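Structure file target-v2.txt; described as compact mmCIF, C-alpha atoms.
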# COMPACT_ATOMS: atom_id res chain seq x y z
CA MET O 27 0.00 0.00 0.00
CA GLU O 28 1.39 3.39 -1.00
CA THR O 29 1.03 5.73 1.95
CA ARG O 30 3.15 8.79 1.03
CA PRO O 31 1.64 11.72 3.00
CA GLY O 32 -0.57 13.82 0.78
CA GLY O 33 -0.56 11.23 -2.03
CA ARG O 34 -3.84 10.00 -3.46
CA SER O 35 -3.44 6.69 -1.63
CA ALA O 36 -2.88 8.46 1.70
CA ARG O 37 -6.02 10.54 1.12
CA VAL O 38 -8.07 7.43 0.37
CA ARG O 39 -6.67 5.73 3.47
CA GLU O 40 -7.56 8.74 5.63
CA ALA O 41 -11.10 8.89 4.19
CA VAL O 42 -11.63 5.19 4.91
CA ARG O 43 -10.21 5.62 8.39
CA GLN O 44 -12.51 8.54 9.21
CA ALA O 45 -15.51 6.59 7.92
CA THR O 46 -14.43 3.58 10.01
CA LEU O 47 -14.21 5.71 13.17
CA ILE O 48 -17.65 7.27 12.61
CA GLU O 49 -19.19 3.86 11.92
CA LEU O 50 -17.57 2.46 15.08
CA ALA O 51 -18.88 5.37 17.15
CA GLU O 52 -22.38 4.84 15.82
CA ASN O 53 -22.69 1.07 15.54
CA GLY O 54 -19.78 -0.50 17.44
CA TYR O 55 -17.58 -3.30 16.17
CA SER O 56 -20.43 -5.75 15.64
CA GLY O 57 -22.13 -3.25 13.28
CA LEU O 58 -19.01 -2.39 11.26
CA THR O 59 -19.25 -3.41 7.59
CA VAL O 60 -17.10 -2.75 4.53
CA ASP O 61 -20.20 -1.64 2.61
CA ALA O 62 -21.12 1.05 5.15
CA VAL O 63 -17.53 2.32 5.34
CA ALA O 64 -17.27 2.42 1.52
CA SER O 65 -20.55 4.27 1.24
CA ARG O 66 -19.68 6.80 3.94
CA SER O 67 -16.11 7.42 2.72
CA GLY O 68 -17.05 7.77 -0.94
CA VAL O 69 -14.34 5.22 -1.80
CA HIS O 70 -15.40 2.48 -4.21
CA LYS O 71 -16.54 -0.70 -2.46
CA THR O 72 -14.22 -2.85 -4.59
CA THR O 73 -11.25 -0.75 -3.46
CA VAL O 74 -12.17 -1.04 0.22
CA TYR O 75 -12.63 -4.81 -0.08
CA ARG O 76 -9.34 -5.22 -1.96
CA ARG O 77 -7.23 -3.13 0.45
CA TRP O 78 -8.88 -3.75 3.84
CA GLY O 79 -10.70 -7.04 3.29
CA ASN O 80 -13.19 -6.88 6.17
CA ALA O 81 -14.11 -5.19 9.46
CA GLU O 82 -11.00 -6.61 11.14
CA GLY O 83 -8.77 -5.08 8.49
CA LEU O 84 -10.48 -1.70 8.81
CA ILE O 85 -9.99 -1.72 12.60
CA ALA O 86 -6.37 -2.82 12.36
CA ASP O 87 -5.55 -0.03 9.89
CA ALA O 88 -7.33 2.66 11.93
CA LEU O 89 -5.33 1.53 14.98
CA GLU O 90 -2.08 1.54 13.01
CA LEU O 91 -2.69 5.17 12.07
CA ALA O 92 -3.62 5.98 15.69
CA SER O 93 -0.34 4.45 16.94
CA SER O 94 1.67 7.03 15.05
CA GLU O 95 -0.25 9.91 16.63
CA PRO O 96 1.39 11.57 19.64
CA TRP O 97 -0.17 11.10 23.09
CA PRO O 98 -0.57 14.62 24.59
CA LEU O 99 1.43 13.76 27.71
CA PRO O 100 1.60 16.16 30.66
CA ASP O 101 4.79 17.71 32.04
CA THR O 102 3.76 19.08 35.43
CA GLY O 103 7.16 19.06 37.13
CA SER O 104 6.35 16.08 39.39
CA LEU O 105 5.79 12.40 38.68
CA GLN O 106 2.62 12.36 40.77
CA GLY O 107 1.21 15.25 38.72
CA ASP O 108 2.22 13.64 35.42
CA LEU O 109 0.66 10.29 36.40
CA ARG O 110 -2.56 11.97 37.50
CA GLY O 111 -2.63 13.74 34.14
CA ILE O 112 -2.13 10.48 32.20
CA VAL O 113 -4.80 8.51 34.07
CA GLU O 114 -7.22 11.42 33.75
CA LEU O 115 -6.54 11.46 29.96
CA VAL O 116 -7.61 7.81 29.85
CA ARG O 117 -10.68 8.34 32.06
CA SER O 118 -11.90 11.43 30.20
CA GLY O 119 -11.22 9.82 26.81
CA PHE O 120 -13.56 6.92 27.57
CA ALA O 121 -16.13 9.28 29.14
CA ASP O 122 -16.17 11.47 26.01
CA PRO O 123 -19.30 10.85 23.89
CA THR O 124 -17.28 10.89 20.64
CA SER O 125 -13.94 9.24 21.45
CA GLY O 126 -15.30 6.92 24.16
CA PRO O 127 -17.40 4.60 21.98
CA ILE O 128 -14.61 4.41 19.36
CA ALA O 129 -12.00 3.42 21.94
CA ALA O 130 -14.40 0.93 23.50
CA ALA O 131 -15.07 -0.56 20.04
CA PHE O 132 -11.31 -1.09 19.56
CA VAL O 133 -11.11 -2.96 22.89
CA SER O 134 -14.20 -5.02 22.04
CA ALA O 135 -12.89 -5.91 18.56
CA ALA O 136 -9.54 -6.98 20.03
CA VAL O 137 -11.20 -9.28 22.55
CA GLN O 138 -13.08 -10.96 19.69
CA SER O 139 -10.44 -11.43 17.01
CA SER O 140 -6.71 -11.66 16.58
CA GLY O 141 -6.13 -9.02 13.88
CA PRO O 142 -7.46 -6.16 16.00
CA ALA O 143 -5.74 -7.70 19.07
CA GLN O 144 -2.35 -7.47 17.35
CA ALA O 145 -3.07 -3.92 16.23
CA LEU O 146 -4.15 -2.88 19.73
CA HIS O 147 -1.04 -4.53 21.18
CA ALA O 148 1.14 -2.42 18.86
CA PHE O 149 -0.89 0.70 19.70
CA PHE O 150 -0.29 0.28 23.44
CA ALA O 151 3.38 -0.60 22.95
CA SER O 152 3.72 2.78 21.23
CA ARG O 153 1.85 4.51 24.08
CA HIS O 154 4.06 2.86 26.72
CA GLU O 155 7.17 3.93 24.79
CA GLN O 156 5.94 7.50 24.49
CA ALA O 157 5.59 7.67 28.27
CA ALA O 158 9.29 6.87 28.85
CA PRO O 159 10.41 10.55 29.09
CA ILE O 160 8.04 11.09 32.05
CA VAL O 161 9.84 8.35 33.93
CA GLU O 162 13.27 9.57 32.84
CA ARG O 163 12.49 13.05 34.15
CA ALA O 164 11.29 11.61 37.48
CA ILE O 165 14.48 9.55 37.79
CA ALA O 166 16.57 12.66 36.98
CA ARG O 167 14.70 14.56 39.72
CA GLY O 168 15.50 11.75 42.17
CA GLU O 169 11.81 10.93 42.74
CA ILE O 170 12.02 7.22 41.96
CA PRO O 171 14.73 4.53 41.67
CA ALA O 172 16.80 4.53 38.47
CA ASP O 173 15.69 1.02 37.47
CA THR O 174 11.95 1.91 37.37
CA ASP O 175 10.31 0.34 34.32
CA ALA O 176 8.33 2.99 32.40
CA ALA O 177 5.88 0.57 30.75
CA GLU O 178 5.17 -1.16 34.06
CA LEU O 179 4.54 2.19 35.74
CA ILE O 180 1.95 3.06 33.08
CA ARG O 181 0.32 -0.40 33.32
CA THR O 182 0.08 0.02 37.10
CA ALA O 183 -1.41 3.52 36.81
CA VAL O 184 -4.06 2.80 34.17
CA GLY O 185 -4.72 -0.89 34.93
CA PRO O 186 -7.40 -0.28 37.60
CA ILE O 187 -9.24 2.12 35.25
CA TYR O 188 -9.42 -0.40 32.40
CA TYR O 189 -10.37 -3.08 34.96
CA ARG O 190 -13.39 -0.99 36.01
CA LEU O 191 -14.36 -0.14 32.44
CA PHE O 192 -14.01 -3.51 30.70
CA ILE O 193 -13.89 -6.23 33.37
CA THR O 194 -16.06 -5.32 36.36
CA HIS O 195 -18.18 -2.74 34.50
CA GLU O 196 -18.01 -0.23 37.34
CA PRO O 197 -18.19 3.56 36.94
CA VAL O 198 -14.91 5.52 36.93
CA THR O 199 -14.81 8.85 38.74
CA VAL O 200 -12.18 11.60 38.65
CA ARG O 201 -11.27 10.53 42.19
CA ASP O 202 -10.81 6.90 41.03
CA ALA O 203 -8.38 8.09 38.37
CA GLU O 204 -6.45 10.19 40.89
CA ARG O 205 -6.24 7.28 43.35
CA ALA O 206 -4.95 4.90 40.66
CA ALA O 207 -2.25 7.42 39.71
CA ASP O 208 -1.27 7.90 43.36
CA ALA O 209 -1.09 4.13 43.87
CA ALA O 210 1.29 3.74 40.91
CA PHE O 211 3.38 6.63 42.22
CA ALA O 212 3.61 4.99 45.67
CA ALA O 213 4.61 1.66 44.10
CA ALA O 214 7.32 3.33 41.99
CA ARG O 215 8.70 5.19 45.02
CA ALA O 216 8.78 1.93 46.98
CA GLY O 217 11.07 0.51 44.27
CA VAL O 218 8.66 -2.24 43.25
CA LEU O 219 8.30 -1.41 39.55
CA HIS O 220 11.61 -2.65 38.21
CA PRO O 221 11.76 -5.07 35.25
CA MET J 18 -37.30 -20.09 38.56
CA GLU J 19 -37.30 -22.71 41.33
CA THR J 20 -33.73 -23.28 42.48
CA ARG J 21 -34.02 -25.29 45.71
CA PRO J 22 -30.72 -27.23 46.02
CA GLY J 23 -31.19 -30.84 44.98
CA GLY J 24 -34.60 -30.20 43.43
CA ARG J 25 -35.31 -31.21 39.84
CA SER J 26 -35.13 -27.59 38.77
CA ALA J 27 -31.74 -27.14 40.42
CA ARG J 28 -30.45 -30.27 38.63
CA VAL J 29 -31.69 -28.97 35.27
CA ARG J 30 -30.08 -25.61 35.95
CA GLU J 31 -26.76 -27.27 36.84
CA ALA J 32 -26.85 -29.45 33.71
CA VAL J 33 -27.50 -26.41 31.52
CA ARG J 34 -24.75 -24.51 33.27
CA GLN J 35 -22.19 -27.30 32.78
CA ALA J 36 -23.14 -27.53 29.10
CA THR J 37 -22.81 -23.74 28.78
CA LEU J 38 -19.31 -23.80 30.28
CA ILE J 39 -18.15 -26.61 28.00
CA GLU J 40 -19.59 -24.86 24.93
CA LEU J 41 -17.88 -21.62 25.97
CA ALA J 42 -14.56 -23.39 26.45
CA GLU J 43 -14.85 -24.99 23.01
CA ASN J 44 -16.45 -22.29 20.89
CA GLY J 45 -16.30 -19.01 22.82
CA TYR J 46 -19.18 -16.57 23.26
CA SER J 47 -19.68 -16.01 19.54
CA GLY J 48 -20.24 -19.74 19.06
CA LEU J 49 -22.63 -20.21 22.01
CA THR J 50 -26.14 -21.28 20.97
CA VAL J 51 -29.21 -22.46 22.88
CA ASP J 52 -29.49 -25.45 20.53
CA ALA J 53 -25.97 -26.68 21.28
CA VAL J 54 -26.43 -26.22 25.03
CA ALA J 55 -29.76 -28.04 24.96
CA SER J 56 -28.29 -30.90 22.97
CA ARG J 57 -25.22 -31.23 25.21
CA SER J 58 -27.16 -30.95 28.50
CA GLY J 59 -29.91 -33.36 27.51
CA VAL J 60 -32.47 -30.72 28.53
CA HIS J 61 -35.29 -30.15 26.05
CA LYS J 62 -34.66 -27.23 23.69
CA THR J 63 -38.05 -25.69 24.46
CA THR J 64 -37.20 -25.64 28.18
CA VAL J 65 -33.83 -23.98 27.58
CA TYR J 66 -35.39 -21.35 25.31
CA ARG J 67 -38.20 -20.66 27.79
CA ARG J 68 -35.96 -20.35 30.86
CA TRP J 69 -32.75 -18.85 29.48
CA GLY J 70 -33.91 -17.22 26.24
CA ASN J 71 -30.59 -16.91 24.44
CA ALA J 72 -26.80 -17.00 24.77
CA GLU J 73 -26.83 -13.87 26.93
CA GLY J 74 -29.24 -15.50 29.37
CA LEU J 75 -27.13 -18.65 29.54
CA ILE J 76 -23.99 -16.63 30.32
CA ALA J 77 -25.74 -14.48 32.92
CA ASP J 78 -27.05 -17.54 34.75
CA ALA J 79 -23.71 -19.36 34.68
CA LEU J 80 -22.10 -16.23 36.17
CA GLU J 81 -24.80 -15.95 38.82
CA LEU J 82 -24.04 -19.49 39.96
CA ALA J 83 -20.29 -18.73 39.87
CA SER J 84 -20.80 -15.66 42.10
CA SER J 85 -22.08 -17.83 44.92
CA GLU J 86 -19.01 -20.08 44.79
CA PRO J 87 -16.26 -19.29 47.29
CA TRP J 88 -12.97 -17.87 46.03
CA PRO J 89 -10.18 -20.06 47.52
CA LEU J 90 -8.41 -17.12 49.15
CA PRO J 91 -4.99 -17.51 50.74
CA ASP J 92 -4.17 -16.83 54.41
CA THR J 93 -0.36 -16.66 54.49
CA GLY J 94 0.04 -14.51 57.59
CA SER J 95 1.12 -11.40 55.67
CA LEU J 96 -0.74 -9.06 53.34
CA GLN J 97 2.05 -9.23 50.75
CA GLY J 98 1.80 -13.02 50.74
CA ASP J 99 -1.99 -12.98 50.52
CA LEU J 100 -1.94 -10.47 47.64
CA ARG J 101 0.66 -12.49 45.76
CA GLY J 102 -1.57 -15.53 46.22
CA ILE J 103 -4.65 -13.72 44.89
CA VAL J 104 -2.96 -12.30 41.81
CA GLU J 105 -1.36 -15.66 41.08
CA LEU J 106 -4.86 -17.27 41.33
CA VAL J 107 -6.03 -14.87 38.62
CA ARG J 108 -2.95 -15.39 36.42
CA SER J 109 -3.00 -19.18 36.66
CA GLY J 110 -6.80 -19.29 36.16
CA PHE J 111 -6.51 -17.55 32.80
CA ALA J 112 -3.44 -19.62 31.86
CA ASP J 113 -5.33 -22.87 32.57
CA PRO J 114 -6.45 -24.63 29.36
CA THR J 115 -9.89 -25.44 30.82
CA SER J 116 -10.85 -22.47 33.00
CA GLY J 117 -8.95 -19.86 30.96
CA PRO J 118 -11.11 -19.92 27.81
CA ILE J 119 -14.32 -19.95 29.88
CA ALA J 120 -13.26 -16.92 31.92
CA ALA J 121 -12.12 -15.13 28.76
CA ALA J 122 -15.49 -15.89 27.14
CA PHE J 123 -17.27 -14.26 30.10
CA VAL J 124 -15.16 -11.11 29.68
CA SER J 125 -15.74 -11.11 25.93
CA ALA J 126 -19.51 -11.57 26.31
CA ALA J 127 -19.69 -8.73 28.85
CA VAL J 128 -17.86 -6.35 26.52
CA GLN J 129 -20.41 -7.14 23.81
CA SER J 130 -23.73 -7.04 25.63
CA SER J 131 -25.36 -5.63 28.71
CA GLY J 132 -26.88 -8.79 30.25
CA PRO J 133 -23.52 -10.53 30.68
CA ALA J 134 -21.97 -7.17 31.71
CA GLN J 135 -24.42 -6.85 34.63
CA ALA J 136 -23.82 -10.48 35.60
CA LEU J 137 -20.03 -10.02 35.49
CA HIS J 138 -20.36 -6.82 37.53
CA ALA J 139 -22.23 -8.77 40.24
CA PHE J 140 -19.69 -11.60 40.06
CA PHE J 141 -16.78 -9.24 40.74
CA ALA J 142 -18.68 -7.36 43.46
CA SER J 143 -18.99 -10.72 45.22
CA ARG J 144 -15.25 -11.42 44.71
CA HIS J 145 -14.27 -8.01 46.07
CA GLU J 146 -16.50 -8.59 49.11
CA GLN J 147 -15.03 -12.01 49.75
CA ALA J 148 -11.56 -10.45 49.90
CA ALA J 149 -12.50 -8.12 52.77
CA PRO J 150 -11.23 -10.46 55.55
CA ILE J 151 -7.72 -10.37 54.02
CA VAL J 152 -7.68 -6.62 54.43
CA GLU J 153 -9.22 -6.78 57.93
CA ARG J 154 -6.50 -9.19 59.05
CA ALA J 155 -3.80 -6.91 57.61
CA ILE J 156 -5.30 -3.90 59.43
CA ALA J 157 -5.45 -5.91 62.66
CA ARG J 158 -1.75 -6.82 62.22
CA GLY J 159 -0.97 -3.12 61.79
CA GLU J 160 0.36 -3.63 58.25
CA ILE J 161 -1.82 -0.99 56.55
CA PRO J 162 -3.93 2.01 57.60
CA ALA J 163 -7.35 1.27 59.09
CA ASP J 164 -9.22 3.11 56.33
CA THR J 165 -7.81 0.94 53.51
CA ASP J 166 -10.56 0.06 51.02
CA ALA J 167 -10.60 -3.71 50.38
CA ALA J 168 -12.21 -3.56 46.94
CA GLU J 169 -9.78 -0.87 45.80
CA LEU J 170 -6.83 -2.93 47.02
CA ILE J 171 -8.03 -5.89 44.95
CA ARG J 172 -8.62 -3.68 41.88
CA THR J 173 -5.11 -2.28 42.23
CA ALA J 174 -3.56 -5.73 42.60
CA VAL J 175 -5.31 -7.48 39.70
CA GLY J 176 -5.86 -4.45 37.39
CA PRO J 177 -2.47 -4.68 35.64
CA ILE J 178 -3.02 -8.41 34.96
CA TYR J 179 -6.42 -7.87 33.31
CA TYR J 180 -4.93 -4.90 31.44
CA ARG J 181 -2.27 -7.17 29.92
CA LEU J 182 -4.75 -9.95 29.16
CA PHE J 183 -7.67 -8.02 27.66
CA ILE J 184 -6.43 -4.54 26.71
CA THR J 185 -2.80 -4.63 25.56
CA HIS J 186 -2.77 -8.38 24.77
CA GLU J 187 0.61 -8.91 26.40
CA PRO J 188 1.78 -12.15 28.04
CA VAL J 189 1.51 -12.43 31.84
CA THR J 190 4.35 -14.15 33.71
CA VAL J 191 4.50 -15.32 37.33
CA ARG J 192 6.89 -12.42 37.93
CA ASP J 193 4.33 -9.96 36.47
CA ALA J 194 1.72 -11.26 38.92
CA GLU J 195 4.13 -10.95 41.84
CA ARG J 196 5.08 -7.39 40.85
CA ALA J 197 1.43 -6.32 40.57
CA ALA J 198 0.73 -7.73 44.05
CA ASP J 199 3.79 -5.96 45.48
CA ALA J 200 2.73 -2.67 43.85
CA ALA J 201 -0.74 -2.88 45.45
CA PHE J 202 0.88 -3.74 48.79
CA ALA J 203 3.17 -0.68 48.54
CA ALA J 204 0.21 1.56 47.64
CA ALA J 205 -1.81 0.27 50.59
CA ARG J 206 1.11 0.80 52.99
CA ALA J 207 1.53 4.34 51.66
CA GLY J 208 -2.08 5.01 52.70
CA VAL J 209 -3.27 5.77 49.17
CA LEU J 210 -6.07 3.20 48.91
CA HIS J 211 -8.73 4.80 51.07
CA PRO J 212 -12.26 5.34 49.71

Take the structure in the file and write it out as structure tokens.
Amino acid sequence: METRPGGRSARVREAVRQATLIELAENGYSGLTVDAVASRSGVHKTTVYRRWGNAEGLIADALELASSEPWPLPDTGSLQGDLRGIVELVRSGFADPTSGPIAAAFVSAAVQSSGPAQALHAFFASRHEQAAPIVERAIARGEIPADTDAAELIRTAVGPIYYRLFITHEPVTVRDAERAADAAFAAARAGVLHP
Amino acid sequence: METRPGGRSARVREAVRQATLIELAENGYSGLTVDAVASRSGVHKTTVYRRWGNAEGLIADALELASSEPWPLPDTGSLQGDLRGIVELVRSGFADPTSGPIAAAFVSAAVQSSGPAQALHAFFASRHEQAAPIVERAIARGEIPADTDAAELIRTAVGPIYYRLFITHEPVTVRDAERAADAAFAAARAGVLHP
């Protein structure tokens, strides 16, 4: 697939992606069809079938594009502040009436089939990597031990939020997000989050 | 529904439940049908349709029965040991070739529809409640502050494991389980996990 930025192929890919996201927001993963995405994007159905194959392929490609987008990470001057900012980003993203259903559809698709699962895995690997500077700054400030694992710190901070959202189906408050961030901060300070 | 233990109705319910679990283990939630469960359980199809309705109803009832089963919680004499035991129970349960696919099918069903989501919510509320004595013992031993929230401690301990399994689709090692338990222990000791 030719994906040079600004090229015709890149524009088609972006149109299909936008249509995929809107369809996901409206109908979820179970309602996602190539026909609806083709119709909404204005891209010929034959083209969408040839390049993306099916709903799984559409999801995987939308996630691949999302992986390359920067995560608007906070830089508050303290690790506790940064972690609170990150967990609140996750909480508010799922609570948002536009981005929430799309993100939930990605999680749902990945639980149901392996293509989206691999794409979501890569998406989160990119997110964990992007968070590394937050941990490096905290180590430089002497807040946490030098062998703190950045990915594990993020997993610890956001894990309880995803657990509430997708496992126990409990509500998530701003206070819940703050507490999860503070718990991860305490664990890092205690020197527990090394590889 | 009449569910007196040992009654005919209770035996039918148990047969349908066992058939549901085996079908889930073999075919997952997407492959679960009333016909297959009826055929495997030896219960008449009309009865299964009338009482359980559809796949969602079968899942919800199997989870309701599971909620009343005791969680074999550890009592090691220390909160760190108990938490490591709990998280390892979760890790090994999902790694088990029999129980793992069934538990994963519950999670998958709950992400896809509201009946199973409510049933899974109730299941985990029961699990969180069952864990309260572990926290009470730790408070009595003076290991953690008296206002530590038991449910939040469990969410913090197991959250990163569920995050790896169902969100990022990363492997979960024994060491990962141990680290997650130790992180929750550190957070509780730091006094972060109050309501």

Counting all atoms listed in the file, write as a CSV table (one decimal) with C-alpha atoms, in the coordinates of the input all protein and nucleic acid residues lying at most 9 Å from (-18.1, 5.7, 21.2) in the file's frame.
chain,number,residue,atom,x,y,z
O,47,LEU,CA,-14.2,5.7,13.2
O,48,ILE,CA,-17.6,7.3,12.6
O,50,LEU,CA,-17.6,2.5,15.1
O,51,ALA,CA,-18.9,5.4,17.2
O,52,GLU,CA,-22.4,4.8,15.8
O,53,ASN,CA,-22.7,1.1,15.5
O,54,GLY,CA,-19.8,-0.5,17.4
O,120,PHE,CA,-13.6,6.9,27.6
O,121,ALA,CA,-16.1,9.3,29.1
O,122,ASP,CA,-16.2,11.5,26.0
O,123,PRO,CA,-19.3,10.8,23.9
O,124,THR,CA,-17.3,10.9,20.6
O,125,SER,CA,-13.9,9.2,21.4
O,126,GLY,CA,-15.3,6.9,24.2
O,127,PRO,CA,-17.4,4.6,22.0
O,128,ILE,CA,-14.6,4.4,19.4
O,129,ALA,CA,-12.0,3.4,21.9
O,130,ALA,CA,-14.4,0.9,23.5
O,131,ALA,CA,-15.1,-0.6,20.0

Could you please select, counting all atoms listed in the file, the residues of chain O within 6 Å of chain J and state them as JSON, numbers by chain? {"O": [134, 137, 147, 150, 181, 182, 185, 186, 189, 194, 195, 209, 212, 213, 218]}

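If you look at atom CA of Trp88 of chain J and atom CA of Val191 of chain J, they are 19.7 Å away from each other.
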
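Taking all atoms listed in the file into account, Ala88 of chain O lies nearest to O:Gln44 out of the set O:Gln44, O:Ser35, O:Gln156, O:Ser139.
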
Determine the nearest neighbour of Leu96 of chain J from the options J:Ile161, J:Val54, J:Val65, J:Val60, counting all atoms listed in the file. J:Ile161

Calculate how many Å separate atom CA of Glu105 of chain J from atom CA of Glu155 of chain O, rounding to one decimal. 26.9 Å

Could you state the separation of atom CA of Ala163 of chain J and atom CA of Ala148 of chain J in Å, given to one decimal place? 15.5 Å

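The closest residue to Glu82 of chain O, picked from O:Gln106, O:Thr199, O:Thr59, O:Ser152 and counting all atoms listed in the file, is O:Thr59.
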